[in-house]
Each structure stands twice: as C-alpha cells, then as structure tokens.
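These notes are about the structure you will find just below.
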Amino acid sequence: MKVICSSEESLYRPEAVRWRQRMEMMKPLGDTVVLLPCSMKKPYSNSKSHQKFRKITRSFQELIVTSPFGICPRELENTFPIQSYDVSTTGSWSQDEIEETGKLIAKYCEGKTIIANLAGGYLESCEAYVDDFINTCEDGRPTSPDSLYNLRMELKKHDRVNRREKTLHELKSIAKYQFGENGDEFIPENVKTKGMYHKRILSNGKQLALLNKDYGLYRLNLPGGEILKELDIHIVEIDFDLTTNTVFAPGIKKADHNIIPNDEVAVVKDGTVVGVGKAIMTGREMEEYNNGIGVKIKHRLK
C-alpha cells in the first residue's frame with residue numbers, strides 16, 4: 001500500500017505523526033551516527049545513491065533524514081509506512097519540516113559523534129538543532145566522488161560496530177517500533193533468525209514470530225504472545241473459551257489502550273495465552289463496543 005505524501009500537510013498525516021512519535025524512543029548503536037539524505041526509491045538500500053553510501057557506511061549506525069517522517073534509522077527502512085511512501089525529493093524544505101526533522105535528529109544523536117553527508121533542507125534541519133557535527137558533503141552533492149571520499153576518510157577515524165550486535169539491534173529496534181516502550185525486550189539476547197526473505201525469529205528452539213519483510217513487522221506465534229504477556233504489552237483479556245478464530249468485542253474484558261487496528265496482539269484468558277492475532281479495533285473500542293470483531297486470530301491454543 002502506497003502512502004502518498006505530496007504536500008506540506010503530509011507532515012500531519014496520522015502515519016507520519018505516529019512514525020515521528022515512535023522515532024523519539026529509538027536509540028543508535030555505537031558512538032558514531034552517519035546522517036544520509038533519503039532517496040525516491042524505497043527501501044532506500046535499493047537506490048543507486050544508497051548503494052554508493054553503504055559501501056562506506058554499512059559498519060556504522062546510519063540515520064536517513066527524510067520528510068515528512070523526519071528520520072529513519074537504517075534498520076527500520078523496510079518497516080511500514082517508511083518502506084512505501086511517495087514524496088517529491090526537491091531538497092527545498094519548509095520551516096515546519098526543518099523543525100520536526102531537526103528535533104528528532106538532535107534527540108536521536110544526543111551524546112554521539114555526528115557525521116553528516118547532507119545538503120539543502122536535509123542539512124538545514126541538522127544545522128538548526130545540532131551544535132556540533134562534521135559535514136562531508138562537497139558542492140551540495142552527497143553522492144559526488146569528493147563527498148564520498150570525504151565520508152570514507154572521516155569514518156576511518158571512528159569505531160565500527162560488529163555484525164552480531166547490529167543484527168540484534170535491528171531486531172530489537174523493530175520490536176520497539178512495533179510494540180512501543182519496552183518492546184525491545186520482546187527479542188531475547190539468544191535470538192536466532194532463519195530464512196532468506198521472511199525471517200523466522202527463534203529462541204530456545206521455539207518460534208516467537210515471523211519477521212515479514214514486505215511490511216518489516218513481526219507476525220506473532222504463541223511463544224511470542226507469552227513474551228508480550230510477561231511484558232504486559234498488546235494484551236487482550238477475554239472471559240470465554242476461544243474455539244474459533246474470531247474474538248468479538250462483547251467477550252473482551254480488558255485491552256491495552258495502546259492497541260490500534262492491525263497491531264499484533266496476544267489474547268489471554270485466566271492468565272494463559274490462548275491465541276495471537278491482528279487487532280481490528282483499538283484497545284479502547286474493544287472494551288467499550290457491544291458488537292463487532294475485536295481480534296482476528298492467527299494461531300490459537302488447541
């Protein structure tokens with residue numbers, strides 16, 4: 001599904017606002033953050049410009065600067081809606097775009113060394129809110145040979161992050177984006193992944209979830225529901241025996257108020273996870289409505 005962002009009003013689209021709110025919770029990996037401009041092509045890694053950047057920056061924390069979404073850490077570039085928005089990349093930004101993006105850059109990069117390879121509005125948003133950073137961009141062209149040379153030479157002075165740490169950080173960041181505060185605890189330290197495209201998320205021989213690469217989000221399995229129950233995140237409590245794959249609102253006793261439609265949730269009865277699936281209503285609606293479907297179940301306890 002494409003998210004069209006064709007005017008300045010796109011800053012206030014619910015998807016963009018929610019994305020920026022979630023970005024405030026994100027933390028970088030390592031001591032150095034590399035700021036890069038976004039590209040028309042999504043996910044960014046598929047674009048020619050980012051293929052050039054990645055040869056130099058892939059062992060560091062990369063942060064992509066974009067409007068109307070503000071920022072996108074590289075590890076979230078496959079996540080909805082950032083993987084499917086359409087926007088004109090003119091490089092000319094309004095004051096509101098500079099402000100929203102600049103604040104997020106400053107918060108995300110706090111206490112880190114910042115290396116920017118930016119020009120135009122991208123650079124303005126960084127300059128407006130960050131006091132100290134190194135810009136490697138020459139002549140307003142981040143992909144020029146000179147800019148890329150400067151970036152390569154500068155990064156030689158900084159510590160890289162190792163691959164295992166990077167993978168774990170990516171999995172935890174996606175969980176935090178999807179499940180909110182403390183969501184990163186959904187991913188245990190001993191996690192393993194299997195699969196070429198969609199990734200099976202495994203711990204102690206059990207599949208917690210499937211990371212769907214088309215949307216960049218987790219689809220829960222019952223053991224993953226158990227972890228959410230322990231964390232008390234995205235829980236829907238029911239007072240009846242679950243015998244079908246539909247949970248109607250009248251049977252719901254209590255639901256996490258942070259749940260919005262399409263969120264992955266764990267359905268619990270008497271302290272036991274009896275199913276996992278997709279929310280059709282918000283958590284508040286599940287509690288208040290007397291009809292309608294609250295949750296569509298994907299896996300249930302047989």
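Each chain in the structure tokens gets a letter, A, B and so on, in the order shown; residues start at 1 in every chain, and ligands are counted from 1 in the order they appear.
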Shell of 8 Å around Pro73 of chain A, only C-alpha atoms, local chain residues under 2 positions omitted, as a list in words
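Neighbouring residues, sequence-local ones excluded: Pro28, Gln61, Glu62, Leu63, Ile64, Ile71, Glu75, Leu76 and Glu77 of chain A.
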Quick one: everything within 9 Å of Cys109 of chain A, counting only C-alpha atoms, minus sequence neighbours fewer than 6 positions away in the same chain. Send it as a PyMOL selection string.
chain A and resi 27-28+32-33+130
Which residue of A:Leu104, A:Met153, A:Ile233, A:Leu168 approaches Ile201 of chain A most closely, using only C-alpha atoms
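Under the stated criterion, the closest residue is A:Leu168.
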Looking at only C-alpha atoms, which of A:Met286, A:Thr193, A:Glu230, A:Leu301 is the one that sits closest to Thr244 of chain A?
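Closest to Thr244 of chain A of all the choices is A:Leu301.
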Show which residues sit within 8 Å of segment 154-163 of chain A, as a PDB file with C-alpha atoms, in the first residue's frame. Count only C-alpha atoms, and ignore same-chain residues fewer than 4 positions away.
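The result, stored in around.pdb:
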```pdb
ATOM      1  CA  LEU A  29      24.146   1.695  18.134  1.00  0.00           C
ATOM      2  CA  GLY A  30      27.804   2.609  18.691  1.00  0.00           C
ATOM      3  CA  ASP A  31      29.425   6.027  19.217  1.00  0.00           C
ATOM      4  CA  THR A  32      29.030   7.454  15.704  1.00  0.00           C
ATOM      5  CA  THR A  57      28.792   3.378   5.913  1.00  0.00           C
ATOM      6  CA  SER A  59      29.539  -0.815   9.556  1.00  0.00           C
ATOM      7  CA  PHE A  60      28.190   2.275  11.344  1.00  0.00           C
ATOM      8  CA  GLN A  61      24.830   3.482  12.618  1.00  0.00           C
ATOM      9  CA  THR A 136      31.458  15.628   4.471  1.00  0.00           C
ATOM     10  CA  ASN A 150      35.477  12.756   2.470  1.00  0.00           C
ATOM     11  CA  THR A 167      21.598  -7.762  13.823  1.00  0.00           C
TER      12      THR A 167
END
```
Excluding Trp93 of chain A and any residue of its chain fewer than 4 positions from it, enumerate the residues within 10 Å of it, using only C-alpha atoms, and give them as an mmCIF file with N, CA, C and O atoms, in the first residue's frame.
```cif
data_model
loop_
_atom_site.group_PDB
_atom_site.id
_atom_site.type_symbol
_atom_site.label_atom_id
_atom_site.label_comp_id
_atom_site.auth_asym_id
_atom_site.auth_seq_id
_atom_site.Cartn_x
_atom_site.Cartn_y
_atom_site.Cartn_z
ATOM 1 N N GLU A 8 2.986 19.825 2.027
ATOM 2 C CA GLU A 8 3.471 20.057 3.391
ATOM 3 C C GLU A 8 2.504 19.502 4.443
ATOM 4 O O GLU A 8 2.909 19.119 5.542
ATOM 5 N N SER A 67 11.622 13.839 4.922
ATOM 6 C CA SER A 67 10.369 14.493 5.298
ATOM 7 C C SER A 67 9.256 13.824 4.504
ATOM 8 O O SER A 67 9.475 13.418 3.367
ATOM 9 N N PRO A 68 8.065 13.625 5.078
ATOM 10 C CA PRO A 68 7.563 14.160 6.343
ATOM 11 C C PRO A 68 7.803 13.268 7.561
ATOM 12 O O PRO A 68 7.308 13.547 8.639
ATOM 13 N N THR A 89 11.300 14.569 -3.765
ATOM 14 C CA THR A 89 12.533 14.944 -3.049
ATOM 15 C C THR A 89 13.152 16.168 -3.738
ATOM 16 O O THR A 89 14.114 16.049 -4.486
ATOM 17 N N GLU A 97 8.993 21.519 8.388
ATOM 18 C CA GLU A 97 9.733 20.282 8.081
ATOM 19 C C GLU A 97 11.116 20.305 8.739
ATOM 20 O O GLU A 97 11.547 19.307 9.326
ATOM 21 N N ILE A 98 11.777 21.462 8.648
ATOM 22 C CA ILE A 98 13.115 21.612 9.257
ATOM 23 C C ILE A 98 13.022 21.399 10.768
ATOM 24 O O ILE A 98 13.834 20.701 11.370
ATOM 25 N N GLU A 99 11.983 21.970 11.369
ATOM 26 C CA GLU A 99 11.811 21.886 12.832
ATOM 27 C C GLU A 99 11.536 20.451 13.286
ATOM 28 O O GLU A 99 12.208 19.933 14.179
ATOM 29 N N GLY A 120 21.143 20.997 1.221
ATOM 30 C CA GLY A 120 19.768 21.521 1.126
ATOM 31 C C GLY A 120 19.023 21.484 2.446
ATOM 32 O O GLY A 120 19.592 21.705 3.518
ATOM 33 N N GLY A 121 17.719 21.178 2.370
ATOM 34 C CA GLY A 121 16.863 21.146 3.560
ATOM 35 C C GLY A 121 17.329 20.116 4.574
ATOM 36 O O GLY A 121 17.170 20.295 5.786
ATOM 37 N N TYR A 122 17.914 19.008 4.083
ATOM 38 C CA TYR A 122 18.438 17.975 4.974
ATOM 39 C C TYR A 122 19.488 18.575 5.914
ATOM 40 O O TYR A 122 19.481 18.352 7.116
ATOM 41 N N GLU A 124 19.964 21.844 6.470
ATOM 42 C CA GLU A 124 19.365 22.923 7.279
ATOM 43 C C GLU A 124 18.742 22.380 8.567
ATOM 44 O O GLU A 124 18.864 22.976 9.638
ATOM 45 N N SER A 125 18.053 21.244 8.452
ATOM 46 C CA SER A 125 17.394 20.689 9.646
ATOM 47 C C SER A 125 18.435 20.250 10.672
ATOM 48 O O SER A 125 18.224 20.365 11.880
#
```
As a PyMOL selection string, list the residues of segment 11-218 of chain A assigned to alpha helix (DSSP H) by DSSP on the backbone atoms of this structure.
chain A and resi 14-23+48-57+95-108+120-129+145-155+163-179
From the options A:Gly183, A:Gly271, A:Gly292, A:Gly251, which residue's atoms come nearest to Glu226 of chain A, counting only C-alpha atoms?
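For Glu226 of chain A, the nearest of the given residues is A:Gly271.
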Any idea what the distance is between atom CA of Gly294 of chain A and atom CA of Thr243 of chain A?
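Result for atom CA of Gly294 of chain A versus atom CA of Thr243 of chain A: 15.1 Å, one decimal.
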